[in-house]
Amino acid sequence: MIVADYLTEIKAKLITSPIIDKIDIVKERALSDQGYFRARLNLTNGDFLEVVEFFKLKGDKCITETYRYQWMDATKTQLIKIWDNVEHFPNLPNFPHHIHIGEESNVYSSVCMNILEIIDLISQEIK
């Protein structure tokens with residue numbers, strides 16, 4: 001899969017997802033061997049989701065390198081969950097992949113996910 005195809009797949013997923021009400025693509029970039037996508041999404045239940053993903057082409061697949069998916073309530077003041085793999089404060093556990101539940105400091109080990117997988121996961125959680 002080439003980088004542009006992966007970006008097209010992400011946008012198609014967002015457009016066709018029954019849990020997404022509004023899409024605001026903040027930035028996207030496709031180079032021959034890497035890409036970036038950032039969007040702010042309003043969900044049909046009123047919640048807000050921001051997705052940010054940087055990925056690289058490895059073989060014929062796009063592999064997520066760094067990511068942050070932040071799910072909040074409609075007011076954008078109450079954190080529901082964050083999935084990420086970025087560095088954290090020294091006093092927080094240092095897991096390669098994180099999930100924060102309810103607040104930034106409530107962090108647990110997670111697995112690497114891409115935007116396509118996060119939309120599927122949240123779809124299951126808000127049914």
# chains A, B, ... in the order shown; residues from 1 in each chain; ligands from 1

call {"tool": "residues_around", "arguments": {"residues": "A:Arg29", "least_positions_apart": "3", "cutoff": "10 Å", "atoms": "only C-alpha atoms", "output": "PyMOL selection string"}}
result
chain A and resi 3-4+7+34-38+54

call {"tool": "select_by_dssp", "arguments": {"residues": "stretch 5-114 of chain A", "states": "alpha helix (DSSP H)", "output": "PyMOL selection string"}}
result
chain A and resi 5-16

call {"tool": "write_last_selection", "arguments": {"atoms": "N, CA, C and O atoms", "output": "short mmCIF file (atom, residue, chain, number, x, y, z; two decimals), in the first residue's frame"}}
result
data_model
loop_
_atom_site.label_atom_id
_atom_site.label_comp_id
_atom_site.auth_asym_id
_atom_site.auth_seq_id
_atom_site.Cartn_x
_atom_site.Cartn_y
_atom_site.Cartn_z
N ASP A 5 -2.55 6.03 -0.76
CA ASP A 5 -3.67 5.08 -0.61
C ASP A 5 -4.09 4.94 0.84
O ASP A 5 -5.28 4.83 1.14
N TYR A 6 -3.12 4.92 1.74
CA TYR A 6 -3.44 4.81 3.16
C TYR A 6 -4.21 6.05 3.64
O TYR A 6 -5.20 5.94 4.36
N LEU A 7 -3.79 7.23 3.21
CA LEU A 7 -4.52 8.44 3.56
C LEU A 7 -5.95 8.41 3.01
O LEU A 7 -6.89 8.81 3.68
N THR A 8 -6.10 7.91 1.80
CA THR A 8 -7.43 7.76 1.21
C THR A 8 -8.28 6.79 2.02
O THR A 8 -9.46 7.03 2.26
N GLU A 9 -7.66 5.71 2.48
CA GLU A 9 -8.37 4.73 3.30
C GLU A 9 -8.82 5.33 4.63
O GLU A 9 -9.94 5.09 5.09
N ILE A 10 -7.95 6.14 5.25
CA ILE A 10 -8.32 6.82 6.50
C ILE A 10 -9.52 7.73 6.27
O ILE A 10 -10.51 7.69 7.01
N LYS A 11 -9.45 8.57 5.23
CA LYS A 11 -10.55 9.52 4.98
C LYS A 11 -11.84 8.79 4.64
O LYS A 11 -12.92 9.21 5.08
N ALA A 12 -11.76 7.71 3.90
CA ALA A 12 -12.96 6.91 3.57
C ALA A 12 -13.58 6.34 4.85
O ALA A 12 -14.81 6.33 5.01
N LYS A 13 -12.73 5.87 5.76
CA LYS A 13 -13.21 5.33 7.03
C LYS A 13 -13.94 6.40 7.83
O LYS A 13 -15.02 6.16 8.38
N LEU A 14 -13.36 7.59 7.88
CA LEU A 14 -13.97 8.68 8.64
C LEU A 14 -15.31 9.09 8.03
O LEU A 14 -16.29 9.32 8.74
N ILE A 15 -15.36 9.18 6.71
CA ILE A 15 -16.58 9.61 6.01
C ILE A 15 -17.71 8.59 6.18
O ILE A 15 -18.87 8.97 6.34
N THR A 16 -17.38 7.32 6.16
CA THR A 16 -18.41 6.27 6.20
C THR A 16 -18.74 5.78 7.60
O THR A 16 -19.69 5.03 7.77
#

call {"tool": "atom_distance", "arguments": {"atom1": "atom CA of A:Leu49", "atom2": "atom CA of A:Tyr69"}}
result
7.0 Å

call {"tool": "closest_residue", "arguments": {"among": "A:Asp47, A:Asp24, A:Glu104, A:Glu117", "to": "A:Asp73", "atoms": "only C-alpha atoms"}}
result
A:Asp47

call {"tool": "atom_distance", "arguments": {"atom1": "atom CA of A:Lys76", "atom2": "atom CA of A:Lys22"}}
result
15.2 Å

call {"tool": "atom_distance", "arguments": {"atom1": "atom CA of A:Ile80", "atom2": "atom CA of A:Thr64"}}
result
22.4 Å

call {"tool": "closest_residue", "arguments": {"among": "A:Ser123, A:Asn114, A:Thr66, A:Ser105", "to": "A:Ile19", "atoms": "only C-alpha atoms"}}
result
A:Ser123

call {"tool": "residues_around", "arguments": {"residues": "A:Val51", "least_positions_apart": "2", "cutoff": "9 Å", "atoms": "only C-alpha atoms", "output": "ChimeraX atom specification"}}
result
/A:37-41,49,53,67-71,115,118

call {"tool": "write_last_selection", "arguments": {"atoms": "all heavy atoms", "output": "tab-separated table (two decimals), in the first residue's frame"}}
result
chain	number	residue	atom	x	y	z
A	37	PHE	N	-1.22	12.52	9.32
A	37	PHE	CA	-2.64	12.86	9.24
A	37	PHE	C	-3.09	13.35	10.61
A	37	PHE	O	-2.80	12.73	11.64
A	37	PHE	CB	-3.47	11.64	8.84
A	37	PHE	CG	-4.92	11.96	8.61
A	37	PHE	CD1	-5.34	12.45	7.39
A	37	PHE	CD2	-5.85	11.77	9.61
A	37	PHE	CE1	-6.68	12.77	7.17
A	37	PHE	CE2	-7.19	12.08	9.40
A	37	PHE	CZ	-7.60	12.57	8.18
A	38	ARG	N	-3.81	14.48	10.60
A	38	ARG	CA	-4.38	15.04	11.83
A	38	ARG	C	-5.77	15.55	11.53
A	38	ARG	O	-5.97	16.29	10.57
A	38	ARG	CB	-3.52	16.17	12.36
A	38	ARG	CG	-4.05	16.76	13.65
A	38	ARG	CD	-3.13	17.81	14.20
A	38	ARG	NE	-3.66	18.34	15.45
A	38	ARG	CZ	-3.08	19.28	16.16
A	38	ARG	NH1	-1.93	19.79	15.75
A	38	ARG	NH2	-3.64	19.71	17.27
A	39	ALA	N	-6.72	15.14	12.36
A	39	ALA	CA	-8.11	15.58	12.17
A	39	ALA	C	-8.81	15.71	13.51
A	39	ALA	O	-8.45	15.04	14.49
A	39	ALA	CB	-8.86	14.60	11.29
A	40	ARG	N	-9.79	16.58	13.53
A	40	ARG	CA	-10.67	16.76	14.69
A	40	ARG	C	-12.05	16.28	14.28
A	40	ARG	O	-12.58	16.70	13.24
A	40	ARG	CB	-10.69	18.21	15.12
A	40	ARG	CG	-9.33	18.66	15.61
A	40	ARG	CD	-9.34	20.09	16.11
A	40	ARG	NE	-8.00	20.44	16.57
A	40	ARG	CZ	-7.30	21.45	16.11
A	40	ARG	NH1	-7.81	22.26	15.20
A	40	ARG	NH2	-6.09	21.69	16.58
A	41	LEU	N	-12.62	15.41	15.11
A	41	LEU	CA	-13.87	14.77	14.76
A	41	LEU	C	-14.93	15.01	15.84
A	41	LEU	O	-14.64	14.87	17.03
A	41	LEU	CB	-13.66	13.25	14.62
A	41	LEU	CG	-12.44	12.82	13.79
A	41	LEU	CD1	-12.21	11.33	13.94
A	41	LEU	CD2	-12.63	13.20	12.34
A	49	LEU	N	-13.16	13.81	19.23
A	49	LEU	CA	-11.99	12.95	19.06
A	49	LEU	C	-10.99	13.65	18.16
A	49	LEU	O	-11.34	14.08	17.05
A	49	LEU	CB	-12.41	11.61	18.44
A	49	LEU	CG	-11.29	10.62	18.10
A	49	LEU	CD1	-10.58	10.13	19.37
A	49	LEU	CD2	-11.85	9.45	17.30
A	53	GLU	N	-1.53	10.99	13.54
A	53	GLU	CA	-0.73	9.81	13.26
A	53	GLU	C	0.37	10.14	12.25
A	53	GLU	O	0.11	10.77	11.23
A	53	GLU	CB	-1.63	8.71	12.70
A	53	GLU	CG	-0.94	7.41	12.41
A	53	GLU	CD	-1.90	6.33	11.95
A	53	GLU	OE1	-3.00	6.19	12.53
A	53	GLU	OE2	-1.55	5.64	10.97
A	67	TYR	N	1.73	8.39	17.39
A	67	TYR	CA	0.29	8.64	17.32
A	67	TYR	C	-0.21	9.22	18.63
A	67	TYR	O	0.42	9.07	19.68
A	67	TYR	CB	-0.47	7.35	17.01
A	67	TYR	CG	-0.28	6.27	18.05
A	67	TYR	CD1	-1.17	6.13	19.11
A	67	TYR	CD2	0.81	5.41	17.99
A	67	TYR	CE1	-0.99	5.16	20.07
A	67	TYR	CE2	1.00	4.43	18.96
A	67	TYR	CZ	0.09	4.31	19.99
A	67	TYR	OH	0.28	3.34	20.95
A	68	ARG	N	-1.34	9.88	18.51
A	68	ARG	CA	-2.08	10.37	19.68
A	68	ARG	C	-3.54	10.47	19.26
A	68	ARG	O	-3.87	11.21	18.32
A	68	ARG	CB	-1.56	11.72	20.15
A	68	ARG	CG	-2.29	12.23	21.41
A	68	ARG	CD	-1.64	13.52	21.91
A	68	ARG	NE	-2.35	14.11	23.00
A	68	ARG	CZ	-2.08	13.90	24.29
A	68	ARG	NH1	-1.11	13.11	24.63
A	68	ARG	NH2	-2.79	14.51	25.22
A	69	TYR	N	-4.38	9.73	19.94
A	69	TYR	CA	-5.82	9.76	19.69
A	69	TYR	C	-6.48	10.17	21.00
A	69	TYR	O	-6.42	9.45	21.99
A	69	TYR	CB	-6.33	8.39	19.25
A	69	TYR	CG	-5.46	7.73	18.20
A	69	TYR	CD1	-4.86	6.50	18.43
A	69	TYR	CD2	-5.20	8.35	16.98
A	69	TYR	CE1	-4.05	5.90	17.48
A	69	TYR	CE2	-4.38	7.75	16.03
A	69	TYR	CZ	-3.82	6.52	16.29
A	69	TYR	OH	-3.01	5.94	15.35
A	70	GLN	N	-7.05	11.37	21.02
A	70	GLN	CA	-7.60	11.93	22.26
A	70	GLN	C	-9.12	12.04	22.16
A	70	GLN	O	-9.64	12.78	21.33
A	70	GLN	CB	-6.98	13.31	22.52
A	70	GLN	CG	-7.42	13.92	23.82
A	70	GLN	CD	-6.57	15.11	24.21
A	70	GLN	OE1	-5.39	15.17	23.90
A	70	GLN	NE2	-7.19	16.06	24.87
A	71	TRP	N	-9.80	11.30	23.02
A	71	TRP	CA	-11.26	11.24	23.05
A	71	TRP	C	-11.74	11.99	24.28
A	71	TRP	O	-11.33	11.69	25.40
A	71	TRP	CB	-11.66	9.78	23.10
A	71	TRP	CG	-13.12	9.45	23.12
A	71	TRP	CD1	-14.16	10.26	22.84
A	71	TRP	CD2	-13.68	8.18	23.40
A	71	TRP	NE1	-15.34	9.59	22.94
A	71	TRP	CE2	-15.07	8.29	23.29
A	71	TRP	CE3	-13.13	6.94	23.76
A	71	TRP	CZ2	-15.94	7.23	23.51
A	71	TRP	CZ3	-13.99	5.88	23.98
A	71	TRP	CH2	-15.37	6.02	23.85
A	115	ILE	N	-5.35	4.82	13.08
A	115	ILE	CA	-6.63	5.53	13.07
A	115	ILE	C	-7.78	4.60	12.71
A	115	ILE	O	-8.86	4.66	13.31
A	115	ILE	CB	-6.58	6.74	12.12
A	115	ILE	CG1	-5.62	7.80	12.68
A	115	ILE	CG2	-7.97	7.33	11.89
A	115	ILE	CD1	-5.33	8.95	11.74
A	118	ILE	N	-8.67	2.62	15.78
A	118	ILE	CA	-9.23	3.43	16.86
A	118	ILE	C	-10.70	3.75	16.59
A	118	ILE	O	-11.53	3.72	17.50
A	118	ILE	CB	-8.37	4.68	17.12
A	118	ILE	CG1	-8.09	4.93	18.60
A	118	ILE	CG2	-9.03	5.95	16.69
A	118	ILE	CD1	-7.57	3.91	19.43

call {"tool": "select_by_dssp", "arguments": {"residues": "chain A", "states": "strand (DSSP E or B)", "output": "PyMOL selection string"}}
result
chain A and resi 20-30+34-43+48-58+61-72+79-84+98-101+107-109

call {"tool": "write_last_selection", "arguments": {"atoms": "C-alpha atoms", "output": "PDB file, in the first residue's frame"}}
result
ATOM      1  CA  ILE A  20     -18.643  10.456  13.068  1.00  0.00           C
ATOM      2  CA  ASP A  21     -20.816  13.512  12.586  1.00  0.00           C
ATOM      3  CA  LYS A  22     -18.253  16.119  11.487  1.00  0.00           C
ATOM      4  CA  ILE A  23     -14.680  15.923  10.167  1.00  0.00           C
ATOM      5  CA  ASP A  24     -12.150  18.746  10.242  1.00  0.00           C
ATOM      6  CA  ILE A  25      -8.886  17.678   8.616  1.00  0.00           C
ATOM      7  CA  VAL A  26      -6.201  19.856  10.189  1.00  0.00           C
ATOM      8  CA  LYS A  27      -3.226  18.586   8.192  1.00  0.00           C
ATOM      9  CA  GLU A  28      -2.205  15.742   5.960  1.00  0.00           C
ATOM     10  CA  ARG A  29       1.021  15.027   4.177  1.00  0.00           C
ATOM     11  CA  ALA A  30       2.013  12.243   1.820  1.00  0.00           C
ATOM     12  CA  GLN A  34       5.975   8.455   4.956  1.00  0.00           C
ATOM     13  CA  GLY A  35       2.859  10.388   5.824  1.00  0.00           C
ATOM     14  CA  TYR A  36       1.040  12.395   8.476  1.00  0.00           C
ATOM     15  CA  PHE A  37      -2.638  12.861   9.245  1.00  0.00           C
ATOM     16  CA  ARG A  38      -4.379  15.039  11.833  1.00  0.00           C
ATOM     17  CA  ALA A  39      -8.107  15.581  12.169  1.00  0.00           C
ATOM     18  CA  ARG A  40     -10.674  16.757  14.694  1.00  0.00           C
ATOM     19  CA  LEU A  41     -13.874  14.766  14.757  1.00  0.00           C
ATOM     20  CA  ASN A  42     -17.265  15.395  16.304  1.00  0.00           C
ATOM     21  CA  LEU A  43     -18.926  12.108  17.162  1.00  0.00           C
ATOM     22  CA  PHE A  48     -14.927  14.937  20.465  1.00  0.00           C
ATOM     23  CA  LEU A  49     -11.990  12.949  19.063  1.00  0.00           C
ATOM     24  CA  GLU A  50      -8.686  14.272  17.792  1.00  0.00           C
ATOM     25  CA  VAL A  51      -6.525  11.855  15.809  1.00  0.00           C
ATOM     26  CA  VAL A  52      -2.861  12.420  14.960  1.00  0.00           C
ATOM     27  CA  GLU A  53      -0.728   9.808  13.255  1.00  0.00           C
ATOM     28  CA  PHE A  54       2.710   9.754  11.639  1.00  0.00           C
ATOM     29  CA  PHE A  55       3.476   6.631   9.632  1.00  0.00           C
ATOM     30  CA  LYS A  56       6.196   5.195   7.425  1.00  0.00           C
ATOM     31  CA  LEU A  57       6.091   2.900   4.439  1.00  0.00           C
ATOM     32  CA  LYS A  58       7.736  -0.439   5.232  1.00  0.00           C
ATOM     33  CA  LYS A  61       2.451  -1.425   4.289  1.00  0.00           C
ATOM     34  CA  CYS A  62       2.109   1.840   6.155  1.00  0.00           C
ATOM     35  CA  ILE A  63       3.264   1.316   9.732  1.00  0.00           C
ATOM     36  CA  THR A  64       2.253   3.728  12.499  1.00  0.00           C
ATOM     37  CA  GLU A  65       5.329   5.349  14.052  1.00  0.00           C
ATOM     38  CA  THR A  66       3.902   7.969  16.442  1.00  0.00           C
ATOM     39  CA  TYR A  67       0.295   8.640  17.317  1.00  0.00           C
ATOM     40  CA  ARG A  68      -2.083  10.366  19.681  1.00  0.00           C
ATOM     41  CA  TYR A  69      -5.825   9.758  19.693  1.00  0.00           C
ATOM     42  CA  GLN A  70      -7.600  11.933  22.256  1.00  0.00           C
ATOM     43  CA  TRP A  71     -11.258  11.236  23.052  1.00  0.00           C
ATOM     44  CA  MET A  72     -13.093  13.833  25.146  1.00  0.00           C
ATOM     45  CA  LEU A  79     -10.966  13.297  29.137  1.00  0.00           C
ATOM     46  CA  ILE A  80     -12.422   9.918  28.255  1.00  0.00           C
ATOM     47  CA  LYS A  81      -9.304   8.206  26.852  1.00  0.00           C
ATOM     48  CA  ILE A  82      -6.017   8.975  25.150  1.00  0.00           C
ATOM     49  CA  TRP A  83      -4.014   6.406  23.233  1.00  0.00           C
ATOM     50  CA  ASP A  84      -0.442   7.427  22.417  1.00  0.00           C
ATOM     51  CA  HIS A  98      -0.109   4.108  26.537  1.00  0.00           C
ATOM     52  CA  ILE A  99      -3.762   4.486  27.278  1.00  0.00           C
ATOM     53  CA  HIS A 100      -4.890   7.230  29.663  1.00  0.00           C
ATOM     54  CA  ILE A 101      -8.327   6.692  31.142  1.00  0.00           C
ATOM     55  CA  VAL A 107      -1.922   5.681  32.435  1.00  0.00           C
ATOM     56  CA  TYR A 108      -1.764   1.991  31.499  1.00  0.00           C
ATOM     57  CA  SER A 109       0.112  -0.123  28.994  1.00  0.00           C
TER      58      SER A 109
END

call {"tool": "closest_residue", "arguments": {"among": "A:Asp33, A:Ile2, A:Ser17, A:Glu103", "to": "A:Ile119", "atoms": "only C-alpha atoms"}}
result
A:Ser17
